[in-house]
>>> print(open('my_file.cif').read())   # mmCIF, C-alpha atoms
data_query
loop_
_atom_site.label_atom_id
_atom_site.label_comp_id
_atom_site.auth_asym_id
_atom_site.auth_seq_id
_atom_site.Cartn_x
_atom_site.Cartn_y
_atom_site.Cartn_z
CA MET A 772 1.31 14.22 -28.87
CA ALA A 773 -1.78 16.41 -29.00
CA LYS A 774 -2.25 19.07 -26.34
CA LYS A 775 -5.10 18.84 -23.89
CA ALA A 776 -8.09 21.00 -24.66
CA ASN A 777 -10.27 22.66 -22.07
CA ARG A 778 -13.67 21.04 -22.40
CA LYS A 779 -16.84 20.75 -20.42
CA SER A 780 -17.25 17.54 -18.43
CA ILE A 781 -19.26 14.95 -20.33
CA LEU A 782 -20.10 12.98 -17.19
CA THR A 783 -23.40 13.79 -15.49
CA ASN A 784 -24.39 13.52 -11.84
CA GLU A 785 -26.58 10.58 -12.81
CA SER A 786 -23.79 8.77 -14.61
CA LEU A 787 -21.37 9.29 -11.71
CA GLN A 788 -23.95 7.91 -9.29
CA PHE A 789 -24.29 4.86 -11.52
CA LEU A 790 -20.50 4.49 -11.51
CA LYS A 791 -20.43 4.48 -7.70
CA ASN A 792 -23.21 1.91 -7.48
CA TYR A 793 -21.63 -0.23 -10.17
CA ILE A 794 -18.21 -0.28 -8.52
CA ASN A 795 -19.68 -1.03 -5.09
CA ASN A 796 -21.68 -3.99 -6.41
CA PRO A 797 -19.78 -7.31 -6.40
CA SER A 798 -19.33 -9.00 -9.78
CA PRO A 799 -16.91 -11.90 -9.24
CA VAL A 800 -15.70 -14.15 -12.05
CA GLY A 801 -18.46 -16.61 -12.91
CA PHE A 802 -20.99 -14.76 -10.74
CA GLU A 803 -21.38 -11.51 -12.68
CA SER A 804 -25.18 -11.45 -12.94
CA GLY A 805 -25.81 -8.86 -10.21
CA GLY A 806 -23.48 -6.36 -11.83
CA GLN A 807 -24.79 -7.17 -15.29
CA LYS A 808 -28.37 -6.41 -14.24
CA LEU A 809 -27.27 -3.01 -12.87
CA TRP A 810 -25.39 -2.28 -16.08
CA LEU A 811 -28.24 -3.27 -18.36
CA ASP A 812 -30.75 -1.21 -16.38
CA TYR A 813 -28.54 1.84 -16.95
CA LEU A 814 -27.92 1.04 -20.63
CA LYS A 815 -31.45 0.14 -21.78
CA PRO A 816 -32.68 3.72 -22.40
CA PHE A 817 -29.82 4.28 -24.84
CA VAL A 818 -30.17 1.18 -27.04
CA ASP A 819 -32.76 -0.37 -29.35
CA LYS A 820 -32.53 -3.91 -27.99
CA HIS A 821 -30.48 -6.00 -25.63
CA PHE A 822 -29.66 -9.65 -25.04
CA SER A 823 -27.36 -11.90 -23.03
CA ASP A 824 -25.63 -15.20 -23.69
CA PRO A 825 -25.75 -18.41 -21.61
CA TYR A 826 -22.83 -17.38 -19.37
CA GLY A 827 -24.06 -13.84 -18.73
CA THR A 828 -22.30 -11.56 -21.19
CA ALA A 829 -24.68 -8.61 -21.67
CA VAL A 830 -25.13 -6.74 -24.95
CA GLY A 831 -27.02 -3.61 -25.94
CA VAL A 832 -27.58 -2.94 -29.64
CA ILE A 833 -28.14 0.26 -31.62
CA ASN A 834 -29.43 -0.30 -35.17
CA PRO A 835 -29.79 -4.08 -34.84
CA SER A 836 -31.02 -4.50 -38.43
CA GLU A 837 -27.78 -3.23 -40.01
CA LYS A 838 -25.52 -5.90 -41.53
CA PHE A 839 -22.22 -4.14 -40.76
CA LYS A 840 -21.48 -4.64 -37.06
CA VAL A 841 -19.18 -2.66 -34.76
CA VAL A 842 -18.45 -3.73 -31.18
CA ILE A 843 -17.32 -1.58 -28.27
CA GLU A 844 -16.40 -3.89 -25.41
CA ALA A 845 -15.30 -4.14 -21.79
CA HIS A 846 -15.35 -6.96 -19.27
CA ALA A 847 -17.63 -7.14 -16.26
CA ASP A 848 -15.90 -9.59 -13.91
CA GLU A 849 -13.68 -8.93 -10.91
CA ILE A 850 -11.10 -11.14 -9.26
CA SER A 851 -12.21 -12.89 -6.08
CA TRP A 852 -11.76 -16.00 -3.94
CA PHE A 853 -13.51 -19.36 -3.51
CA VAL A 854 -14.11 -21.14 -0.21
CA ASN A 855 -12.04 -24.31 -0.60
CA TYR A 856 -11.85 -25.89 2.89
CA ILE A 857 -13.41 -25.33 6.33
CA ASN A 858 -11.52 -26.74 9.30
CA GLU A 859 -12.99 -28.01 12.56
CA GLN A 860 -12.19 -24.71 14.31
CA GLY A 861 -14.38 -22.78 11.85
CA LEU A 862 -11.54 -21.18 9.89
CA ILE A 863 -12.04 -20.94 6.15
CA TYR A 864 -9.31 -21.57 3.58
CA LEU A 865 -9.49 -20.32 0.03
CA LYS A 866 -8.61 -20.79 -3.61
CA ARG A 867 -8.11 -17.99 -6.15
CA ASN A 868 -10.88 -17.07 -8.58
CA GLY A 869 -8.83 -15.12 -11.11
CA GLY A 870 -5.52 -13.36 -10.47
CA VAL A 871 -6.27 -12.03 -6.99
CA ASP A 872 -3.17 -10.78 -5.12
CA HIS A 873 -2.59 -12.76 -1.93
CA GLN A 874 -0.15 -10.19 -0.56
CA VAL A 875 -2.83 -7.53 -0.08
CA ALA A 876 -5.22 -9.90 1.71
CA PRO A 877 -4.10 -9.97 5.40
CA ALA A 878 -6.49 -8.06 7.72
CA LYS A 879 -8.90 -7.20 4.88
CA ARG A 880 -12.65 -7.31 5.41
CA VAL A 881 -14.59 -9.50 3.00
CA LEU A 882 -18.07 -10.66 2.12
CA ILE A 883 -18.76 -14.37 1.74
CA HIS A 884 -21.59 -15.03 -0.71
CA GLY A 885 -23.37 -17.98 0.92
CA LYS A 886 -26.64 -19.78 0.32
CA LYS A 887 -28.36 -17.68 3.00
CA GLY A 888 -26.95 -14.34 1.84
CA LEU A 889 -23.84 -12.29 2.57
CA VAL A 890 -21.68 -13.14 5.58
CA LYS A 891 -19.06 -10.71 6.85
CA ALA A 892 -15.58 -12.05 7.58
CA VAL A 893 -11.96 -10.99 7.82
CA PHE A 894 -8.65 -12.33 6.63
CA GLY A 895 -6.98 -13.33 9.90
CA TRP A 896 -3.27 -12.68 10.33
CA PRO A 897 -1.00 -13.17 13.37
CA ALA A 898 -0.15 -10.07 15.41
CA ILE A 899 3.26 -8.55 14.76
CA HIS A 900 4.31 -9.47 18.32
CA THR A 901 3.85 -13.17 17.62
CA ARG A 902 5.44 -12.99 14.19
CA MET A 903 8.53 -11.26 15.55
CA SER A 904 8.88 -13.71 18.47
CA ASN A 905 8.84 -16.69 16.15
CA ASN A 906 12.03 -18.75 16.38
CA ASP A 907 12.37 -18.63 12.61
CA SER A 908 14.64 -15.84 11.39
CA LYS A 909 12.18 -14.82 8.70
CA GLU A 910 8.68 -13.49 9.25
CA PRO A 911 5.94 -15.58 7.63
CA GLN A 912 4.73 -14.17 4.32
CA PRO A 913 1.12 -14.32 3.12
CA LYS A 914 0.52 -17.24 0.76
CA VAL A 915 -2.69 -18.75 -0.53
CA GLU A 916 -2.10 -21.82 1.65
CA ASN A 917 -1.67 -19.87 4.92
CA LEU A 918 -4.39 -17.27 4.43
CA PHE A 919 -7.71 -17.93 6.13
CA LEU A 920 -11.02 -16.24 6.87
CA ASP A 921 -12.57 -15.80 10.30
CA CYS A 922 -16.32 -15.14 10.20
CA GLY A 923 -16.90 -15.41 13.97
CA ALA A 924 -17.81 -19.09 13.88
CA ARG A 925 -15.78 -21.39 16.12
CA THR A 926 -16.73 -24.73 14.61
CA LYS A 927 -17.25 -26.08 11.12
CA LYS A 928 -20.92 -26.61 11.94
CA GLU A 929 -21.35 -22.95 12.90
CA VAL A 930 -19.82 -21.92 9.57
CA GLU A 931 -22.18 -24.17 7.65
CA GLN A 932 -25.18 -22.86 9.63
CA LEU A 933 -24.45 -19.44 8.11
CA GLY A 934 -24.94 -20.88 4.61
CA ILE A 935 -21.22 -20.94 3.80
CA HIS A 936 -20.10 -23.92 1.74
CA VAL A 937 -17.20 -25.08 -0.40
CA GLY A 938 -17.57 -23.02 -3.57
CA SER A 939 -18.95 -19.91 -1.88
CA VAL A 940 -17.38 -16.90 -3.57
CA VAL A 941 -15.61 -14.22 -1.51
CA THR A 942 -15.19 -10.54 -2.43
CA TYR A 943 -13.50 -7.64 -0.70
CA GLU A 944 -15.70 -5.13 1.09
CA GLU A 945 -13.99 -1.90 -0.05
CA GLY A 946 -15.88 0.28 -2.51
CA PHE A 947 -15.82 3.57 -4.39
CA ASP A 948 -14.29 6.71 -2.93
CA GLU A 949 -12.83 10.02 -4.11
CA LEU A 950 -9.42 11.50 -3.41
CA ALA A 951 -8.00 14.95 -4.01
CA HIS A 952 -7.42 16.34 -7.51
CA ASN A 953 -10.17 14.29 -9.24
CA TYR A 954 -8.80 10.85 -8.45
CA PHE A 955 -11.19 7.97 -7.85
CA ILE A 956 -10.38 4.76 -5.97
CA GLY A 957 -12.28 1.52 -5.79
CA ARG A 958 -12.28 -2.23 -5.98
CA ALA A 959 -12.52 -3.67 -9.51
CA PHE A 960 -12.07 -0.60 -11.66
CA ASP A 961 -10.43 -3.42 -13.66
CA ASN A 962 -12.57 -3.43 -15.65
CA ARG A 963 -15.94 -2.12 -14.57
CA ILE A 964 -14.62 1.31 -15.51
CA GLY A 965 -14.65 -0.05 -19.07
CA GLY A 966 -18.28 -1.11 -18.74
CA PHE A 967 -19.10 2.34 -17.44
CA MET A 968 -17.30 4.05 -20.32
CA ILE A 969 -18.95 2.06 -23.11
CA ALA A 970 -22.34 2.76 -21.52
CA GLU A 971 -21.49 6.47 -21.51
CA VAL A 972 -20.63 6.27 -25.21
CA ALA A 973 -24.09 4.82 -25.85
CA ARG A 974 -25.63 7.62 -23.77
CA LEU A 975 -23.86 10.32 -25.77
CA ILE A 976 -24.98 8.79 -29.08
CA LYS A 977 -28.58 8.76 -27.84
CA GLU A 978 -28.59 12.22 -26.25
CA ASN A 979 -26.81 13.83 -29.20
CA LYS A 980 -29.21 12.10 -31.62
CA LYS A 981 -26.42 10.66 -33.74
CA LYS A 982 -27.37 8.25 -36.51
CA LEU A 983 -24.81 5.54 -37.09
CA PRO A 984 -24.51 3.85 -40.51
CA TYR A 985 -23.97 0.43 -38.91
CA GLY A 986 -25.12 -1.72 -36.01
CA LEU A 987 -23.36 -0.87 -32.75
CA TYR A 988 -23.03 -3.66 -30.18
CA ILE A 989 -22.18 -2.48 -26.65
CA VAL A 990 -20.70 -5.59 -25.05
CA ASN A 991 -19.97 -6.22 -21.37
CA ALA A 992 -18.28 -9.62 -21.34
CA VAL A 993 -17.84 -12.08 -18.49
CA GLN A 994 -14.86 -14.18 -17.39
CA GLU A 995 -12.01 -12.11 -18.84
CA GLU A 996 -9.91 -12.59 -15.71
CA ILE A 997 -9.59 -16.35 -16.23
CA GLY A 998 -8.74 -16.36 -19.94
CA LEU A 999 -10.94 -14.03 -22.02
CA ARG A 1000 -13.69 -16.67 -22.04
CA GLY A 1001 -16.74 -14.43 -22.31
CA ALA A 1002 -15.25 -12.48 -25.22
CA GLU A 1003 -14.49 -15.73 -27.05
CA MET A 1004 -18.13 -16.79 -26.88
CA ILE A 1005 -19.75 -13.47 -27.78
CA ALA A 1006 -17.33 -12.72 -30.63
CA ARG A 1007 -18.40 -15.97 -32.31
CA ARG A 1008 -22.04 -15.08 -31.82
CA ILE A 1009 -22.00 -11.47 -33.02
CA LYS A 1010 -19.37 -11.91 -35.77
CA PRO A 1011 -18.44 -8.20 -35.77
CA ASN A 1012 -16.69 -6.40 -38.61
CA VAL A 1013 -14.79 -4.05 -36.25
CA ALA A 1014 -14.12 -4.16 -32.50
CA ILE A 1015 -12.98 -1.40 -30.12
CA ILE A 1016 -11.91 -2.84 -26.78
CA THR A 1017 -11.33 -0.85 -23.61
CA ASP A 1018 -9.53 -2.06 -20.50
CA VAL A 1019 -7.07 -0.75 -17.94
CA THR A 1020 -3.29 -0.49 -18.14
CA HIS A 1021 -0.59 0.27 -15.60
CA ASP A 1022 0.28 3.79 -14.52
CA THR A 1023 4.07 3.40 -14.36
CA GLN A 1024 4.96 6.45 -12.28
CA THR A 1025 4.97 4.78 -8.84
CA PRO A 1026 7.90 2.95 -7.19
CA MET A 1027 8.69 -0.68 -8.04
CA ILE A 1028 7.54 -0.41 -11.67
CA ASN A 1029 10.15 -0.59 -14.42
CA LYS A 1030 9.38 1.82 -17.27
CA ILE A 1031 11.89 0.01 -19.46
CA ILE A 1032 9.53 -2.98 -19.32
CA GLU A 1033 6.10 -1.40 -18.78
CA GLY A 1034 6.48 1.85 -20.72
CA ASP A 1035 5.81 5.45 -19.66
CA VAL A 1036 2.13 5.91 -18.79
CA ALA A 1037 0.58 8.24 -16.21
CA CYS A 1038 -2.87 8.85 -14.81
CA SER A 1039 -4.41 12.20 -15.90
CA LYS A 1040 -2.45 12.31 -19.18
CA GLY A 1041 -4.97 10.65 -21.47
CA PRO A 1042 -6.00 7.27 -22.90
CA SER A 1043 -3.35 4.70 -23.73
CA PRO A 1044 -3.84 2.80 -27.02
CA ALA A 1045 -1.49 -0.07 -27.76
CA PHE A 1046 0.60 -1.33 -30.66
CA GLY A 1047 0.73 -5.11 -31.00
CA PRO A 1048 0.05 -8.02 -33.36
CA ALA A 1049 -3.64 -8.28 -32.41
CA VAL A 1050 -4.14 -4.53 -32.82
CA HIS A 1051 -5.12 -3.61 -36.36
CA ASN A 1052 -2.70 -0.93 -37.57
CA LYS A 1053 -5.11 0.90 -39.86
CA LEU A 1054 -7.83 0.98 -37.23
CA LEU A 1055 -5.29 2.23 -34.69
CA GLN A 1056 -4.23 4.97 -37.11
CA LEU A 1057 -7.87 6.02 -37.39
CA VAL A 1058 -8.05 6.29 -33.60
CA GLU A 1059 -4.84 8.36 -33.54
CA ASP A 1060 -6.18 10.69 -36.23
CA VAL A 1061 -9.44 11.15 -34.34
CA ALA A 1062 -7.52 11.93 -31.16
CA ALA A 1063 -5.38 14.54 -32.92
CA LYS A 1064 -8.41 16.21 -34.50
CA ASN A 1065 -10.21 16.40 -31.15
CA LYS A 1066 -7.10 17.37 -29.15
CA ILE A 1067 -7.24 14.23 -26.99
CA PRO A 1068 -3.78 13.38 -25.62
CA LEU A 1069 -2.62 9.81 -26.11
CA GLN A 1070 -0.01 7.72 -24.30
CA MET A 1071 1.11 5.06 -26.77
CA ARG A 1072 2.48 1.78 -25.51
CA THR A 1073 3.38 -1.64 -26.86
CA VAL A 1074 2.34 -5.20 -26.12
CA SER A 1075 4.09 -8.38 -27.14
CA ARG A 1076 2.63 -11.69 -28.33
CA SER A 1077 -0.81 -10.84 -26.95
CA THR A 1078 -2.56 -7.86 -25.39
CA GLY A 1079 -3.72 -9.91 -22.40
CA THR A 1080 -7.17 -8.43 -22.94
CA ASP A 1081 -10.38 -9.30 -24.77
CA THR A 1082 -8.84 -7.67 -27.84
CA ASP A 1083 -7.17 -11.01 -28.58
CA SER A 1084 -10.47 -12.89 -28.60
CA PHE A 1085 -12.14 -10.45 -30.99
CA ALA A 1086 -9.15 -9.98 -33.30
CA TYR A 1087 -8.74 -13.70 -33.98
CA ALA A 1088 -12.41 -14.74 -33.92
CA ASN A 1089 -14.23 -16.09 -36.94
CA GLU A 1090 -12.42 -14.95 -40.11
CA GLY A 1091 -10.58 -12.19 -38.22
CA CYS A 1092 -11.91 -8.87 -36.96
CA PRO A 1093 -9.97 -5.57 -37.14
CA SER A 1094 -9.63 -4.67 -33.47
CA VAL A 1095 -8.07 -1.91 -31.41
CA LEU A 1096 -7.33 -1.60 -27.70
CA ILE A 1097 -7.84 1.72 -25.91
CA SER A 1098 -6.80 1.44 -22.27
CA ILE A 1099 -7.15 3.81 -19.34
CA PRO A 1100 -4.20 4.30 -16.94
CA LEU A 1101 -4.69 2.70 -13.52
CA ARG A 1102 -2.61 2.57 -10.36
CA TYR A 1103 -2.48 -0.43 -8.01
CA MET A 1104 -4.17 -2.96 -10.30
CA HIS A 1105 -5.71 -6.04 -8.65
CA THR A 1106 -5.82 -4.40 -5.22
CA THR A 1107 -8.75 -2.93 -3.30
CA VAL A 1108 -7.54 0.63 -3.96
CA GLU A 1109 -7.28 0.74 -7.74
CA MET A 1110 -6.89 4.41 -8.67
CA LEU A 1111 -7.66 6.39 -11.81
CA HIS A 1112 -8.30 9.96 -12.87
CA LYS A 1113 -11.60 11.52 -13.88
CA SER A 1114 -10.12 13.29 -16.91
CA ASP A 1115 -8.87 9.99 -18.34
CA ILE A 1116 -12.38 8.56 -18.08
CA GLU A 1117 -13.85 11.54 -19.94
CA GLN A 1118 -11.20 11.54 -22.65
CA THR A 1119 -11.45 7.79 -23.21
CA VAL A 1120 -15.23 8.08 -23.56
CA GLN A 1121 -14.84 10.97 -25.99
CA LEU A 1122 -12.19 9.11 -28.02
CA MET A 1123 -14.43 6.08 -28.48
CA TYR A 1124 -17.44 8.27 -29.26
CA GLU A 1125 -15.64 10.36 -31.88
CA THR A 1126 -14.07 7.25 -33.42
CA LEU A 1127 -17.52 5.69 -33.85
CA LEU A 1128 -18.75 8.85 -35.57
CA LYS A 1129 -15.81 8.73 -37.97
CA LEU A 1130 -16.13 5.04 -38.75
CA THR A 1131 -18.35 3.79 -41.60
CA PRO A 1132 -18.84 0.48 -43.42
CA ASP A 1133 -16.77 2.00 -46.22
CA THR A 1134 -13.75 2.78 -44.04
CA ASN A 1135 -10.81 1.08 -45.72
CA LEU A 1136 -9.16 -1.27 -43.24
CA SER A 1137 -7.56 -3.55 -45.82
CA TYR A 1138 -3.81 -4.08 -45.52
CA LEU A 1139 -3.42 -5.03 -49.17
#
>>> encode(input="my_file.cif", output="structure tokens")
Amino acid sequence: MAKKANRKSILTNESLQFLKNYINNPSPVGFESGGQKLWLDYLKPFVDKHFSDPYGTAVGVINPSEKFKVVIEAHADEISWFVNYINEQGLIYLKRNGGVDHQVAPAKRVLIHGKKGLVKAVFGWPAIHTRMSNNDSKEPQPKVENLFLDCGARTKKEVEQLGIHVGSVVTYEEGFDELAHNYFIGRAFDNRIGGFMIAEVARLIKENKKKLPYGLYIVNAVQEEIGLRGAEMIARRIKPNVAIITDVTHDTQTPMINKIIEGDVACSKGPSPAFGPAVHNKLLQLVEDVAAKNKIPLQMRTVSRSTGTDTDSFAYANEGCPSVLISIPLRYMHTTVEMLHKSDIEQTVQLMYETLLKLTPDTNLSYL
């Protein structure tokens, strides 16, 4: 493993302010347009053109006339809830929109995205006194079917007067914050941190006046959390020759995580590329060589049948696309306090940037 090198921060005050705004802005699965507009506004000065597809995947392009196409990709969507049923007492029951964790929901503050705008609400939960006095020997546990929202309305009609309807999407209220020792926390770092990082790569290419010998497609895909759907669509449209995907992976240093199963990965110790069937071995070796040359520490890990990320959609699209997955370590995935380290962000950005500078249309990625 390469040793860390002391290097000047590549993140600017402007880029960090964008990161805060981007994390604080809701971008639920299927309703990503608000976040995509923010992202495109930040990206536009660094690209030659941009476009979007019918479901809202956003793409910036450098050198759009080049035939050889390279993608760097992240996904824009965050897990959330749907309003599913409103009872006569004005309490609101929900259905998952993506893999949202029901166990972290009780007593959380949320925003309901209704027809008349945002409505504040809370996940109601019985007081501990009443739970402990229950005749049942076991305390009730949070489940999707017993979780409900209270928005202050006391009848179904009052709920509907606020513009809330079946199908209204619900997001948590928590946003970006900073902890000691350069740790950031926020809702939906999975995977808006990826969108931030690929935009920073585009910024560095522009500011450093680098000329790439291929077309670079900076892709922020929708609907990853419900089956990699946005990546499927855009991979067919772009038909890239190479794809570099970035997402989050589990920091495995906290209690209740089995390193034998999840591997040994830690925040602040560098990006975490993966070995796996969808990951192209020669492209991965190129990434490893670039990391060694630039003294970027790597934390290698393995995946099984699939990566569980948009890598799978790009790798197996069209006639096949050599793809690699570079993840960033994250604690507390799919909660409102997802945590990552500033140095990992910087090193992942640098690794993608340096890999793009090394890559050419003549790079030999043939297995045979």
>>> resolve_selection(input="my_file.cif", expression="the PyMOL selection byres ((chain A and resi 985) around 6)", output="ChimeraX atom specification")
/A:837,839-840,983-984,986
>>> closest_atom_pairs(input="my_file.cif", of="segment 902-967 of chain A", to="segment 1031-1048 of chain A", cutoff="12 Å", atoms="all atoms listed in the file", output="tab-separated table")
residue	atom	partner	partner_atom	distance
A:His952	CA	A:Ser1039	CA	9.8
A:Asn953	CA	A:Ser1039	CA	9.0
A:Tyr954	CA	A:Ser1039	CA	8.8
A:Phe955	CA	A:Cys1038	CA	10.9
A:Gly965	CA	A:Pro1042	CA	12.0
>>> resolve_selection(input="my_file.cif", expression="the PyMOL selection byres ((chain A and resi 825) around 12)", output="list in words")
Gly801, Ser804, Phe822, Ser823, Asp824, Tyr826, Gly827, Thr828, Ala829, Ala992, Val993, Gly1001, Met1004, Ile1005 and Arg1008 of chain A
>>> resolve_selection(input="my_file.cif", expression="the PyMOL selection byres ((chain A and resi 1102-1114) around 7)", output="PyMOL selection string")
chain A and resi 871-872+875+945+953-958+960+1021-1022+1038-1039+1100-1101+1115-1118
>>> closest_residue(input="my_file.cif", among="A:Glu978, A:Asp819, A:Leu862, A:Asn868", to="Trp896 of chain A", atoms="only C-alpha atoms")
A:Leu862
>>> atom_distance(input="my_file.cif", atom1="atom CA of Ile857 of chain A", atom2="atom CA of Ile997 of chain A")
24.6 Å
>>> residues_around(input="my_file.cif", residues="segment 795-798 of chain A", least_positions_apart="2", cutoff="8 Å", atoms="all atoms listed in the file", output="NGL selection string")
:A and (791-793 or 800 or 802-807 or 847-849 or 942 or 945-947 or 957-958)
>>> closest_residue(input="my_file.cif", among="A:Leu987, A:Ile863, A:Val930, A:Leu1069", to="Lys820 of chain A", atoms="only C-alpha atoms")
A:Leu987
>>> residues_around(input="my_file.cif", residues="Leu782 of chain A", least_positions_apart="3", cutoff="12 Å", atoms="only C-alpha atoms", output="MDAnalysis selection string")
chainID A and resid 778:779 785:790 967:968 970:972 974:975 1113:1121
>>> atom_distance(input="my_file.cif", atom1="atom CA of Gln1056 of chain A", atom2="atom CA of Pro835 of chain A")
27.2 Å
>>> atom_distance(input="my_file.cif", atom1="atom CA of Asp1133 of chain A", atom2="atom CA of Val832 of chain A")
20.4 Å
>>> axis_aligned_box(input="my_file.cif", around="segment 929-938 of chain A", padding_each_side="5 Å", output="AutoDock Vina command-line options")
--center_x -21.2 --center_y -22.3 --center_z 4.7 --size_x 18.0 --size_y 15.6 --size_z 26.5
>>> residues_around(input="my_file.cif", residues="Ile1016 of chain A", least_positions_apart="4", cutoff="6 Å", atoms="all atoms listed in the file", output="compact mmCIF listing (two decimals) with C-alpha atoms, keeping the file's coordinate frame")
# COMPACT_ATOMS: atom_id res chain seq x y z
CA ILE A 843 -17.32 -1.58 -28.27
CA GLU A 844 -16.40 -3.89 -25.41
CA THR A 1082 -8.84 -7.67 -27.84
CA LEU A 1096 -7.33 -1.60 -27.70
>>> residues_around(input="my_file.cif", residues="Lys1129 of chain A", least_positions_apart="3", cutoff="9 Å", atoms="all atoms listed in the file", output="list in words")
Leu1057, Val1061, Tyr1124, Glu1125, Thr1126 and Thr1134 of chain A
>>> residues_near_point(input="my_file.cif", point="(-14.2, -7.9, -37.0)", cutoff="9 Å", atoms="all atoms listed in the file", output="list in words")
Lys840, Val841, Val842, Ala1006, Lys1010, Pro1011, Asn1012, Val1013, Ala1014, Phe1085, Ala1086, Tyr1087, Ala1088, Asn1089, Glu1090, Gly1091, Cys1092, Pro1093 and Ser1094 of chain A
